[in-house]
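Dumped target.cif below, it's mmCIF, C-alpha atoms:
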```cif
data_coords
loop_
_atom_site.group_PDB
_atom_site.id
_atom_site.type_symbol
_atom_site.label_atom_id
_atom_site.label_comp_id
_atom_site.auth_asym_id
_atom_site.auth_seq_id
_atom_site.Cartn_x
_atom_site.Cartn_y
_atom_site.Cartn_z
ATOM 1 C CA MET M 224 0.000 0.000 0.000
ATOM 2 C CA THR M 225 1.294 3.437 -0.909
ATOM 3 C CA ALA M 226 1.272 6.377 1.483
ATOM 4 C CA ARG M 227 1.792 10.118 1.268
ATOM 5 C CA PHE M 228 3.727 12.320 3.653
ATOM 6 C CA GLY M 229 3.508 15.852 4.979
ATOM 7 C CA VAL M 230 5.801 17.704 7.364
ATOM 8 C CA PHE M 231 5.273 20.385 9.985
ATOM 9 C CA VAL M 232 7.182 23.604 9.473
ATOM 10 C CA PRO M 233 8.807 25.176 12.582
ATOM 11 C CA GLN M 234 6.264 27.715 13.780
ATOM 12 C CA GLY M 235 7.368 28.359 17.343
ATOM 13 C CA TRP M 236 4.615 26.422 19.110
ATOM 14 C CA LYS M 237 6.961 23.627 20.176
ATOM 15 C CA MET M 238 9.737 26.072 21.064
ATOM 16 C CA ASP M 239 11.304 25.111 17.749
ATOM 17 C CA LEU M 240 12.515 28.619 16.836
ATOM 18 C CA LEU M 241 13.997 29.383 20.232
ATOM 19 C CA GLU M 242 17.621 29.564 19.085
ATOM 20 C CA ILE M 243 16.853 32.315 16.553
ATOM 21 C CA ALA M 244 16.624 35.783 18.106
ATOM 22 C CA ASP M 245 15.280 38.010 15.327
ATOM 23 C CA PRO M 246 11.540 37.460 14.644
ATOM 24 C CA VAL M 247 12.068 38.136 10.947
ATOM 25 C CA GLU M 248 14.734 35.444 10.827
ATOM 26 C CA LYS M 249 12.422 33.095 12.715
ATOM 27 C CA TYR M 250 9.792 33.567 10.033
ATOM 28 C CA GLU M 251 12.370 33.093 7.292
ATOM 29 C CA ALA M 252 13.474 29.827 8.926
ATOM 30 C CA MET M 253 9.870 28.594 8.788
ATOM 31 C CA THR M 254 9.618 29.650 5.149
ATOM 32 C CA ALA M 255 12.929 27.964 4.281
ATOM 33 C CA VAL M 256 11.660 24.618 5.569
ATOM 34 C CA ALA M 257 8.448 25.063 3.579
ATOM 35 C CA ARG M 258 10.443 25.707 0.421
ATOM 36 C CA ALA M 259 12.703 22.736 1.087
ATOM 37 C CA ALA M 260 9.642 20.499 1.374
ATOM 38 C CA ASP M 261 8.202 22.100 -1.752
ATOM 39 C CA ALA M 262 11.210 20.790 -3.669
ATOM 40 C CA GLY M 263 9.810 17.295 -3.067
ATOM 41 C CA PRO M 264 8.850 14.540 -2.489
ATOM 42 C CA TRP M 265 6.674 15.791 0.381
ATOM 43 C CA ASP M 266 2.957 16.090 -0.409
ATOM 44 C CA SER M 267 2.264 18.820 2.128
ATOM 45 C CA ILE M 268 3.420 21.217 4.823
ATOM 46 C CA TRP M 269 1.526 21.775 8.073
ATOM 47 C CA LEU M 270 1.011 24.318 10.835
ATOM 48 C CA PHE M 271 -0.504 24.233 14.314
ATOM 49 C CA ASP M 272 -3.330 26.580 15.262
ATOM 50 C CA HIS M 273 -2.007 27.855 18.593
ATOM 51 C CA PHE M 274 -0.971 31.188 20.101
ATOM 52 C CA HIS M 275 1.089 30.048 23.107
ATOM 53 C CA THR M 276 3.950 27.587 23.372
ATOM 54 C CA VAL M 277 3.932 24.083 24.805
ATOM 55 C CA PRO M 278 4.585 22.331 27.115
ATOM 56 C CA VAL M 279 4.016 25.562 29.080
ATOM 57 C CA PRO M 280 3.197 29.073 27.863
ATOM 58 C CA VAL M 281 6.301 31.292 27.790
ATOM 59 C CA GLU M 282 7.244 34.616 26.216
ATOM 60 C CA GLU M 283 8.395 33.157 22.918
ATOM 61 C CA SER M 284 7.344 33.664 19.308
ATOM 62 C CA VAL M 285 4.482 31.609 17.880
ATOM 63 C CA PHE M 286 3.277 32.609 14.417
ATOM 64 C CA GLU M 287 -0.469 32.748 13.834
ATOM 65 C CA CYS M 288 -1.699 29.796 11.813
ATOM 66 C CA TRP M 289 -3.886 31.252 9.064
ATOM 67 C CA THR M 290 -1.675 34.270 8.436
ATOM 68 C CA ALA M 291 1.285 31.942 8.006
ATOM 69 C CA THR M 292 -0.773 29.566 5.845
ATOM 70 C CA ALA M 293 -1.576 32.431 3.488
ATOM 71 C CA THR M 294 2.029 33.586 3.185
ATOM 72 C CA LEU M 295 3.353 30.075 2.668
ATOM 73 C CA ALA M 296 0.742 29.600 -0.039
ATOM 74 C CA ARG M 297 2.551 32.308 -1.987
ATOM 75 C CA ASP M 298 6.062 31.229 -0.985
ATOM 76 C CA THR M 299 5.616 27.690 -2.356
ATOM 77 C CA GLN M 300 4.495 26.319 -5.701
ATOM 78 C CA ARG M 301 3.662 22.626 -5.344
ATOM 79 C CA VAL M 302 2.991 21.334 -1.829
ATOM 80 C CA ASN M 303 -0.408 21.315 -0.225
ATOM 81 C CA ILE M 304 -0.689 23.440 2.943
ATOM 82 C CA GLY M 305 -2.682 22.374 5.973
ATOM 83 C CA GLN M 306 -3.470 23.023 9.631
ATOM 84 C CA MET M 307 -3.481 20.219 12.187
ATOM 85 C CA VAL M 308 -5.924 21.493 13.128
ATOM 86 C CA GLY M 309 -7.776 24.807 13.038
ATOM 87 C CA CYS M 310 -9.364 25.532 16.416
ATOM 88 C CA ASN M 311 -13.095 26.027 15.973
ATOM 89 C CA GLY M 312 -13.361 28.248 19.043
ATOM 90 C CA TYR M 313 -11.075 30.922 17.581
ATOM 91 C CA ARG M 314 -13.131 31.818 14.503
ATOM 92 C CA ASN M 315 -16.800 31.930 13.653
ATOM 93 C CA PRO M 316 -17.357 29.047 11.204
ATOM 94 C CA ALA M 317 -18.663 31.325 8.454
ATOM 95 C CA LEU M 318 -15.515 33.429 8.788
ATOM 96 C CA TYR M 319 -13.427 30.249 8.816
ATOM 97 C CA ALA M 320 -15.076 29.126 5.575
ATOM 98 C CA LYS M 321 -14.341 32.528 4.009
ATOM 99 C CA ILE M 322 -10.699 32.553 5.146
ATOM 100 C CA ALA M 323 -10.131 29.007 3.926
ATOM 101 C CA ALA M 324 -11.738 29.642 0.550
ATOM 102 C CA THR M 325 -9.560 32.731 0.100
ATOM 103 C CA VAL M 326 -6.386 30.793 0.915
ATOM 104 C CA ASP M 327 -7.439 27.977 -1.400
ATOM 105 C CA VAL M 328 -7.567 30.528 -4.220
ATOM 106 C CA ALA M 329 -4.242 32.091 -3.180
ATOM 107 C CA SER M 330 -2.612 28.651 -3.252
ATOM 108 C CA LYS M 331 -4.283 27.668 -6.540
ATOM 109 C CA GLY M 332 -6.173 24.853 -4.849
ATOM 110 C CA ARG M 333 -3.488 23.514 -2.511
ATOM 111 C CA LEU M 334 -5.258 24.033 0.825
ATOM 112 C CA TYR M 335 -5.895 21.251 3.343
ATOM 113 C CA ALA M 336 -8.312 23.012 5.698
ATOM 114 C CA GLY M 337 -8.035 21.511 9.174
ATOM 115 C CA ILE M 338 -10.730 21.865 11.836
ATOM 116 C CA GLY M 339 -11.108 20.559 15.377
ATOM 117 C CA ALA M 340 -12.866 21.388 18.633
ATOM 118 C CA GLY M 341 -9.827 22.850 20.449
ATOM 119 C CA TRP M 342 -8.299 21.951 23.802
ATOM 120 C CA TYR M 343 -5.603 24.404 24.996
ATOM 121 C CA GLU M 344 -7.500 26.080 27.857
ATOM 122 C CA HIS M 345 -4.751 28.514 28.837
ATOM 123 C CA GLU M 346 -4.613 30.278 25.485
ATOM 124 C CA TRP M 347 -8.414 30.384 25.149
ATOM 125 C CA ARG M 348 -8.641 32.274 28.421
ATOM 126 C CA ALA M 349 -5.577 34.429 27.737
ATOM 127 C CA TYR M 350 -7.023 35.648 24.453
ATOM 128 C CA GLY M 351 -10.447 36.298 25.937
ATOM 129 C CA TYR M 352 -12.323 33.314 24.540
ATOM 130 C CA PRO M 353 -14.828 31.779 26.976
ATOM 131 C CA TRP M 354 -13.761 28.261 27.949
ATOM 132 C CA PRO M 355 -16.833 26.025 27.454
ATOM 133 C CA GLU M 356 -17.421 22.609 28.932
ATOM 134 C CA LEU M 357 -16.441 19.729 26.674
ATOM 135 C CA ARG M 358 -20.034 19.010 25.663
ATOM 136 C CA ASP M 359 -20.433 22.610 24.485
ATOM 137 C CA ARG M 360 -17.109 22.638 22.631
ATOM 138 C CA MET M 361 -18.151 19.474 20.843
ATOM 139 C CA GLY M 362 -21.643 20.786 20.192
ATOM 140 C CA ALA M 363 -20.248 23.960 18.644
ATOM 141 C CA PHE M 364 -17.773 21.885 16.640
ATOM 142 C CA ARG M 365 -20.592 19.744 15.270
ATOM 143 C CA GLU M 366 -22.575 22.791 14.140
ATOM 144 C CA ALA M 367 -19.489 24.529 12.737
ATOM 145 C CA THR M 368 -18.459 21.579 10.586
ATOM 146 C CA GLU M 369 -21.912 21.416 9.019
ATOM 147 C CA ILE M 370 -21.920 25.167 8.398
ATOM 148 C CA ILE M 371 -18.482 25.165 6.760
ATOM 149 C CA HIS M 372 -19.358 22.289 4.459
ATOM 150 C CA ARG M 373 -22.709 23.796 3.488
ATOM 151 C CA LEU M 374 -21.196 27.198 2.752
ATOM 152 C CA TRP M 375 -18.755 25.539 0.350
ATOM 153 C CA THR M 376 -21.433 23.483 -1.392
ATOM 154 C CA GLU M 377 -24.773 25.342 -1.213
ATOM 155 C CA ASP M 378 -26.263 28.745 -2.005
ATOM 156 C CA ASP M 379 -28.244 30.955 0.398
ATOM 157 C CA VAL M 380 -27.385 28.930 3.490
ATOM 158 C CA GLU M 381 -29.453 29.607 6.592
ATOM 159 C CA PHE M 382 -28.656 27.981 9.902
ATOM 160 C CA LYS M 383 -30.122 28.475 13.368
ATOM 161 C CA GLY M 384 -28.488 26.272 15.944
ATOM 162 C CA LYS M 385 -27.719 26.335 19.638
ATOM 163 C CA TYR M 386 -24.273 27.853 19.093
ATOM 164 C CA TYR M 387 -24.327 29.559 15.679
ATOM 165 C CA THR M 388 -26.764 31.404 13.454
ATOM 166 C CA ILE M 389 -26.040 32.470 9.879
ATOM 167 C CA ASP M 390 -28.328 34.177 7.397
ATOM 168 C CA LYS M 391 -27.377 33.580 3.753
ATOM 169 C CA PRO M 392 -23.761 34.756 3.838
ATOM 170 C CA ILE M 393 -22.303 35.218 0.356
ATOM 171 C CA MET M 394 -19.453 32.756 -0.005
ATOM 172 C CA GLN M 395 -17.611 33.800 -3.135
ATOM 173 C CA PRO M 396 -15.164 32.619 -4.140
ATOM 174 C CA ARG M 397 -15.596 29.137 -2.725
ATOM 175 C CA GLY M 398 -12.050 28.134 -3.516
ATOM 176 C CA VAL M 399 -10.358 26.384 -6.412
ATOM 177 C CA ARG M 400 -10.185 22.705 -5.443
ATOM 178 C CA LYS M 401 -13.246 20.782 -6.610
ATOM 179 C CA PRO M 402 -15.811 20.106 -5.378
ATOM 180 C CA HIS M 403 -14.628 22.297 -2.476
ATOM 181 C CA PRO M 404 -11.526 22.922 -0.327
ATOM 182 C CA SER M 405 -10.267 19.725 1.271
ATOM 183 C CA LEU M 406 -11.646 19.464 4.824
ATOM 184 C CA TRP M 407 -9.440 17.628 7.352
ATOM 185 C CA ILE M 408 -11.108 16.825 10.670
ATOM 186 C CA GLY M 409 -8.817 16.181 13.631
ATOM 187 C CA GLY M 410 -9.596 13.885 16.535
ATOM 188 C CA SER M 411 -11.011 10.421 16.941
ATOM 189 C CA GLY M 412 -13.979 10.671 19.279
ATOM 190 C CA PRO M 413 -16.335 7.863 18.227
ATOM 191 C CA LYS M 414 -19.664 9.592 18.838
ATOM 192 C CA VAL M 415 -19.064 13.067 17.400
ATOM 193 C CA THR M 416 -15.764 13.521 15.566
ATOM 194 C CA LEU M 417 -15.657 10.314 13.528
ATOM 195 C CA LYS M 418 -19.319 10.723 12.664
ATOM 196 C CA LEU M 419 -18.526 14.227 11.352
ATOM 197 C CA VAL M 420 -15.688 12.769 9.283
ATOM 198 C CA ALA M 421 -18.113 10.295 7.736
ATOM 199 C CA GLN M 422 -20.588 13.053 6.920
ATOM 200 C CA TYR M 423 -18.352 15.933 5.853
ATOM 201 C CA GLY M 424 -14.641 15.128 5.992
ATOM 202 C CA ASP M 425 -12.235 14.582 3.142
ATOM 203 C CA ALA M 426 -9.667 13.358 5.667
ATOM 204 C CA CYS M 427 -9.295 12.477 9.329
ATOM 205 C CA ASN M 428 -6.307 12.534 11.662
ATOM 206 C CA ILE M 429 -6.047 9.833 14.314
ATOM 207 C CA GLY M 430 -3.276 9.568 16.852
ATOM 208 C CA GLY M 431 -2.007 6.588 18.792
ATOM 209 C CA ASP M 432 -0.441 3.199 18.225
ATOM 210 C CA PRO M 433 -1.514 0.833 15.427
ATOM 211 C CA GLU M 434 -4.073 -0.896 17.635
ATOM 212 C CA THR M 435 -5.749 2.442 18.390
ATOM 213 C CA ILE M 436 -5.667 3.488 14.739
ATOM 214 C CA ARG M 437 -7.269 0.215 13.679
ATOM 215 C CA GLU M 438 -9.960 0.501 16.356
ATOM 216 C CA LYS M 439 -10.862 4.080 15.421
ATOM 217 C CA LEU M 440 -10.902 3.381 11.696
ATOM 218 C CA ASP M 441 -13.238 0.442 12.262
ATOM 219 C CA ILE M 442 -15.615 2.886 13.942
ATOM 220 C CA LEU M 443 -15.230 5.320 11.035
ATOM 221 C CA LYS M 444 -16.080 2.515 8.601
ATOM 222 C CA ARG M 445 -19.312 1.830 10.476
ATOM 223 C CA HIS M 446 -20.220 5.522 10.313
ATOM 224 C CA THR M 447 -19.510 5.759 6.584
ATOM 225 C CA ASP M 448 -21.605 2.654 5.953
ATOM 226 C CA ALA M 449 -24.446 4.206 7.948
ATOM 227 C CA VAL M 450 -24.519 7.383 5.835
ATOM 228 C CA GLY M 451 -23.766 5.704 2.515
ATOM 229 C CA ARG M 452 -20.307 7.239 2.160
ATOM 230 C CA ASP M 453 -17.387 5.556 0.398
ATOM 231 C CA TYR M 454 -14.929 4.797 3.205
ATOM 232 C CA ASP M 455 -12.040 4.576 0.755
ATOM 233 C CA SER M 456 -12.643 8.160 -0.407
ATOM 234 C CA ILE M 457 -11.533 9.498 2.989
ATOM 235 C CA ILE M 458 -7.827 10.059 3.698
ATOM 236 C CA LYS M 459 -6.772 8.413 6.973
ATOM 237 C CA SER M 460 -3.849 10.323 8.429
ATOM 238 C CA THR M 461 -1.800 9.998 11.569
ATOM 239 C CA SER M 462 1.087 12.014 12.997
ATOM 240 C CA LEU M 463 4.589 10.936 13.980
ATOM 241 C CA ASN M 464 7.303 12.839 15.876
ATOM 242 C CA VAL M 465 10.580 11.423 14.588
ATOM 243 C CA PHE M 466 14.245 12.249 14.192
ATOM 244 C CA PRO M 467 15.963 10.172 11.476
ATOM 245 C CA ILE M 468 19.646 9.381 11.936
ATOM 246 C CA ALA M 469 22.206 7.578 9.794
ATOM 247 C CA ASP M 470 22.895 3.879 10.257
ATOM 248 C CA GLY M 471 25.473 3.456 13.009
ATOM 249 C CA ALA M 472 25.205 7.053 14.227
ATOM 250 C CA ASP M 473 25.306 7.808 17.932
ATOM 251 C CA PRO M 474 21.767 9.007 18.769
ATOM 252 C CA GLU M 475 22.886 11.412 21.491
ATOM 253 C CA LYS M 476 25.457 13.102 19.264
ATOM 254 C CA ALA M 477 23.203 13.116 16.194
ATOM 255 C CA THR M 478 20.425 14.927 18.061
ATOM 256 C CA ALA M 479 22.631 17.472 19.881
ATOM 257 C CA GLN M 480 21.690 20.485 17.756
ATOM 258 C CA ALA M 481 18.013 19.583 17.558
ATOM 259 C CA ARG M 482 17.783 18.994 21.312
ATOM 260 C CA GLY M 483 19.239 22.348 22.260
ATOM 261 C CA ARG M 484 18.908 22.587 26.035
ATOM 262 C CA GLN M 485 17.080 19.253 26.426
ATOM 263 C CA SER M 486 18.780 16.126 27.650
ATOM 264 C CA TYR M 487 18.735 13.208 25.242
ATOM 265 C CA GLU M 488 16.461 11.259 27.593
ATOM 266 C CA GLU M 489 13.923 14.091 27.671
ATOM 267 C CA PHE M 490 14.129 14.566 23.908
ATOM 268 C CA ALA M 491 13.626 10.863 23.207
ATOM 269 C CA LYS M 492 10.467 10.744 25.329
ATOM 270 C CA GLY M 493 8.601 12.886 22.804
ATOM 271 C CA ASN M 494 10.431 11.973 19.594
ATOM 272 C CA PHE M 495 11.302 8.607 18.098
ATOM 273 C CA VAL M 496 15.006 8.660 17.219
ATOM 274 C CA GLY M 497 15.904 5.986 14.713
ATOM 275 C CA THR M 498 17.352 4.950 11.404
ATOM 276 C CA ALA M 499 15.346 4.938 8.192
ATOM 277 C CA ALA M 500 14.641 1.239 8.675
ATOM 278 C CA GLN M 501 13.445 1.719 12.262
ATOM 279 C CA ILE M 502 11.193 4.656 11.365
ATOM 280 C CA GLY M 503 9.976 2.693 8.360
ATOM 281 C CA GLU M 504 8.810 -0.072 10.686
ATOM 282 C CA LYS M 505 6.675 2.452 12.568
ATOM 283 C CA VAL M 506 5.221 3.743 9.321
ATOM 284 C CA GLN M 507 4.465 0.229 8.115
ATOM 285 C CA GLY M 508 2.748 -0.623 11.380
ATOM 286 C CA ALA M 509 0.375 2.312 10.962
ATOM 287 C CA ILE M 510 -0.233 1.418 7.308
ATOM 288 C CA ASP M 511 -1.111 -2.138 8.320
ATOM 289 C CA ALA M 512 -3.642 -0.610 10.735
ATOM 290 C CA GLY M 513 -5.263 1.405 7.939
ATOM 291 C CA ALA M 514 -3.431 4.736 7.806
ATOM 292 C CA ASP M 515 -2.489 6.048 4.372
ATOM 293 C CA TYR M 516 -1.140 9.505 5.176
ATOM 294 C CA PHE M 517 1.573 10.612 7.606
ATOM 295 C CA ILE M 518 2.147 14.084 9.009
ATOM 296 C CA ILE M 519 5.697 14.202 10.323
ATOM 297 C CA TYR M 520 7.165 16.492 12.964
ATOM 298 C CA ILE M 521 10.976 16.677 12.909
ATOM 299 C CA PRO M 522 12.455 18.655 15.835
ATOM 300 C CA GLY M 523 15.277 21.061 15.085
ATOM 301 C CA VAL M 524 14.524 21.313 11.374
ATOM 302 C CA ALA M 525 14.623 25.120 11.616
ATOM 303 C CA TYR M 526 18.364 24.914 12.209
ATOM 304 C CA ASP M 527 19.306 21.941 10.040
ATOM 305 C CA HIS M 528 17.469 20.552 7.004
ATOM 306 C CA GLU M 529 19.507 17.348 6.901
ATOM 307 C CA PRO M 530 16.953 15.213 8.847
ATOM 308 C CA LEU M 531 14.214 16.535 6.544
ATOM 309 C CA GLN M 532 16.215 15.501 3.499
ATOM 310 C CA ARG M 533 17.147 12.141 5.063
ATOM 311 C CA PHE M 534 13.469 11.342 5.613
ATOM 312 C CA ALA M 535 12.678 12.424 2.057
ATOM 313 C CA THR M 536 15.375 10.311 0.429
ATOM 314 C CA ASP M 537 15.584 7.286 2.728
ATOM 315 C CA ILE M 538 12.004 6.736 3.892
ATOM 316 C CA ILE M 539 9.369 8.273 1.608
ATOM 317 C CA PRO M 540 10.426 6.373 -1.561
ATOM 318 C CA ASN M 541 9.903 3.066 0.269
ATOM 319 C CA PHE M 542 6.184 3.810 0.548
ATOM 320 C CA SER M 543 5.482 5.533 -2.765
#
```

So that I can check it, write out the structure of this file as structure tokens.
Amino acid sequence: MTARFGVFVPQGWKMDLLEIADPVEKYEAMTAVARAADAGPWDSIWLFDHFHTVPVPVEESVFECWTATATLARDTQRVNIGQMVGCNGYRNPALYAKIAATVDVASKGRLYAGIGAGWYEHEWRAYGYPWPELRDRMGAFREATEIIHRLWTEDDVEFKGKYYTIDKPIMQPRGVRKPHPSLWIGGSGPKVTLKLVAQYGDACNIGGDPETIREKLDILKRHTDAVGRDYDSIIKSTSLNVFPIADGADPEKATAQARGRQSYEEFAKGNFVGTAAQIGEKVQGAIDAGADYFIIYIPGVAYDHEPLQRFATDIIPNFS
């Protein structure tokens, strides 16, 4: 089975621009990675929709997701550009649909529009967004996904729900990709999120080990059968944090620049450090579970493109 691959650009959210002082140079580092991926064979580049850093919020640069998406759409020529994922609570869904359609035009149809319910409580409160209970976040997410899809596919849309009301907003242009911009829905909740994927999604993103991926995709298959949707028409993506190293390389030495101030032990907790063959085994395990798309995060890529190129030359061709 073939698979496609995307890669996150360094955006600041994971403290991955920390060693660069000048904000302009930080942005240029993000753009440089995007252009390197654009040279191939990556299918896409990705951003996070967050305002504050993780694992804790600190005074450090994080570039806003949709602004950066728009600029990278003009700084690249080939790769698709996505968000994993857009936070529904930060934008009214009609505005989201308008922003996404605009960026799809700017990119000549290369947008992967990501949407999810949101979870980072600290930044919601810091930016003045009310922090709803989970049931209300999911309820709003459900309504928003329907609204976005309808605005891209119908005329004169009216909607009166518990969380949102719209009254025939004009949605022109609707984008370039046909039949509409590609909608990627993040999360794997069986009762709401996967049902929304079956109804409206062009792609889903499911985290976890192969057993979890298989379990969640089985649920998705039942939902697609229930609504008469072709399960195979939906992209099934998952995300991997990896750092590829050469055969025989010392992992601690190979990751020194990417780790920065982290110990190797701390770094390896959140990132799988391995050779092309070892990372390939992880990829194959997820493929065997049903995944067909991989969104890769490579720490330290802002400072050194070599791991990006190693993944591109030593891993991607094995699954093309």

- Message: Could you check which residues have any atom within 9 Å of (8.4, 28.7, 12.8), counting all atoms listed in the file with coordinates taken straight from the file, and then list them as a ChimeraX atom specification?
- Response: /M:232-236,238-240,249-254,256,270,284-286,525

- Output of the PyMOL selection byres ((chain M and resi 395-409) around 8), listed as a ChimeraX atom specification: /M:307-308,321,323-328,331-339,375-376,393-394,410-411,416,419-420,423-429

Okay, now the selection with C-alpha atoms, as a CSV table (one decimal), in the coordinates of the input?
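Saved file result06.csv follows:
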```csv
chain,number,residue,atom,x,y,z
M,307,MET,CA,-3.5,20.2,12.2
M,308,VAL,CA,-5.9,21.5,13.1
M,321,LYS,CA,-14.3,32.5,4.0
M,323,ALA,CA,-10.1,29.0,3.9
M,324,ALA,CA,-11.7,29.6,0.6
M,325,THR,CA,-9.6,32.7,0.1
M,326,VAL,CA,-6.4,30.8,0.9
M,327,ASP,CA,-7.4,28.0,-1.4
M,328,VAL,CA,-7.6,30.5,-4.2
M,331,LYS,CA,-4.3,27.7,-6.5
M,332,GLY,CA,-6.2,24.9,-4.8
M,333,ARG,CA,-3.5,23.5,-2.5
M,334,LEU,CA,-5.3,24.0,0.8
M,335,TYR,CA,-5.9,21.3,3.3
M,336,ALA,CA,-8.3,23.0,5.7
M,337,GLY,CA,-8.0,21.5,9.2
M,338,ILE,CA,-10.7,21.9,11.8
M,339,GLY,CA,-11.1,20.6,15.4
M,375,TRP,CA,-18.8,25.5,0.4
M,376,THR,CA,-21.4,23.5,-1.4
M,393,ILE,CA,-22.3,35.2,0.4
M,394,MET,CA,-19.5,32.8,0.0
M,410,GLY,CA,-9.6,13.9,16.5
M,411,SER,CA,-11.0,10.4,16.9
M,416,THR,CA,-15.8,13.5,15.6
M,419,LEU,CA,-18.5,14.2,11.4
M,420,VAL,CA,-15.7,12.8,9.3
M,423,TYR,CA,-18.4,15.9,5.9
M,424,GLY,CA,-14.6,15.1,6.0
M,425,ASP,CA,-12.2,14.6,3.1
M,426,ALA,CA,-9.7,13.4,5.7
M,427,CYS,CA,-9.3,12.5,9.3
M,428,ASN,CA,-6.3,12.5,11.7
M,429,ILE,CA,-6.0,9.8,14.3
```

- Task: For Ala477 (chain M), work out the shell of residues within 9 Å, counting all atoms listed in the file and skipping chain neighbours fewer than 5 positions away, then give it as a list in words.
- Result: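 Using all atoms listed in the file, the neighbours found are Ile468, Ala469 and Ala472 of chain M.
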
- Query: So which residues get picked by the PyMOL selection byres ((chain M and resi 380-387) around 8) here, written as a ChimeraX atom specification?
  - Reply: /M:362-363,366-367,370,373-374,377-379,388-392

Report as an mmCIF file with C-alpha atoms, in the coordinates of the input the full result of the PyMOL selection byres ((chain M and resi 443-449) around 9) when it is applied to this structure.
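Final output, out-v7.cif:
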```cif
data_model
loop_
_atom_site.group_PDB
_atom_site.id
_atom_site.type_symbol
_atom_site.label_atom_id
_atom_site.label_comp_id
_atom_site.auth_asym_id
_atom_site.auth_seq_id
_atom_site.Cartn_x
_atom_site.Cartn_y
_atom_site.Cartn_z
ATOM 1 C CA SER M 411 -11.011 10.421 16.941
ATOM 2 C CA PRO M 413 -16.335 7.863 18.227
ATOM 3 C CA LEU M 417 -15.657 10.314 13.528
ATOM 4 C CA LYS M 418 -19.319 10.723 12.664
ATOM 5 C CA LEU M 419 -18.526 14.227 11.352
ATOM 6 C CA VAL M 420 -15.688 12.769 9.283
ATOM 7 C CA ALA M 421 -18.113 10.295 7.736
ATOM 8 C CA GLN M 422 -20.588 13.053 6.920
ATOM 9 C CA GLU M 438 -9.960 0.501 16.356
ATOM 10 C CA LYS M 439 -10.862 4.080 15.421
ATOM 11 C CA LEU M 440 -10.902 3.381 11.696
ATOM 12 C CA ASP M 441 -13.238 0.442 12.262
ATOM 13 C CA ILE M 442 -15.615 2.886 13.942
ATOM 14 C CA VAL M 450 -24.519 7.383 5.835
ATOM 15 C CA GLY M 451 -23.766 5.704 2.515
ATOM 16 C CA ARG M 452 -20.307 7.239 2.160
ATOM 17 C CA ASP M 453 -17.387 5.556 0.398
ATOM 18 C CA TYR M 454 -14.929 4.797 3.205
#
```

- Selection as JSON, numbers by chain: residues within 8 Å of (16.7, 8.0, 15.0), counting all atoms listed in the file: {"M": [465, 466, 467, 468, 469, 474, 495, 496, 497, 498, 499, 501, 502]}

- Task: Please indicate the distance in Å from CA of Pro522 (chain M) to CA of Phe534 (chain M), rounded to one decimal place.
- Result: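 Computing the Euclidean distance for CA of Pro522 (chain M) and CA of Phe534 (chain M) yields 12.6 Å.
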
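Among the candidates M:Asp515, M:Glu248, M:Glu529, M:Pro355, the residue lying nearest to Phe228 (chain M) is M:Asp515 (atoms considered: all atoms listed in the file).
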
Sorted by chain and rising residue number, list the residues of region 435-527 of chain M at most 12 Å from region 259-269 of chain M (counting only C-alpha atoms), each with its closest atom pair and distance in Å to one decimal, as a Markdown table.
```
| residue | atom | partner | partner_atom | distance |
| --- | --- | --- | --- | --- |
| M:Ser462 | CA | M:Trp269 | CA | 10.9 |
| M:Tyr516 | CA | M:Asp266 | CA | 9.6 |
| M:Phe517 | CA | M:Asp266 | CA | 9.8 |
| M:Ile518 | CA | M:Trp269 | CA | 7.8 |
| M:Ile519 | CA | M:Trp269 | CA | 8.9 |
| M:Tyr520 | CA | M:Trp269 | CA | 9.1 |
| M:Ile521 | CA | M:Trp269 | CA | 11.8 |
| M:Val524 | CA | M:Ala259 | CA | 10.5 |
| M:Ala525 | CA | M:Ala259 | CA | 11.0 |
| M:Asp527 | CA | M:Ala259 | CA | 11.2 |
```

- Task: Give me, please, the distance in Å between CA of Asn494 (chain M) and CA of Asn464 (chain M), quoted to one decimal.
- Result: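 These two atoms are separated by 4.9 Å.
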
- Item | Option closest in space to Gly312 (chain M), from M:Glu282, M:Glu369, M:Glu344, M:Asp298 [counting only C-alpha atoms] |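 That would be M:Glu344, the residue with the smallest distance to Gly312 (chain M).
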
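Here CA of Gly503 (chain M) and CA of Asn541 (chain M) stand 8.1 Å from one another.
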
What box, with edges along x, y and z, holds each listed atom of region 360-379 of chain M when 8 Å is added on every side, and can you state its centre and edge lengths in Å to one decimal, as JSON?
```
{"center_x": -22.7, "center_y": 25.2, "center_z": 10.3, "size_x": 27.1, "size_y": 27.5, "size_z": 40.6}
```
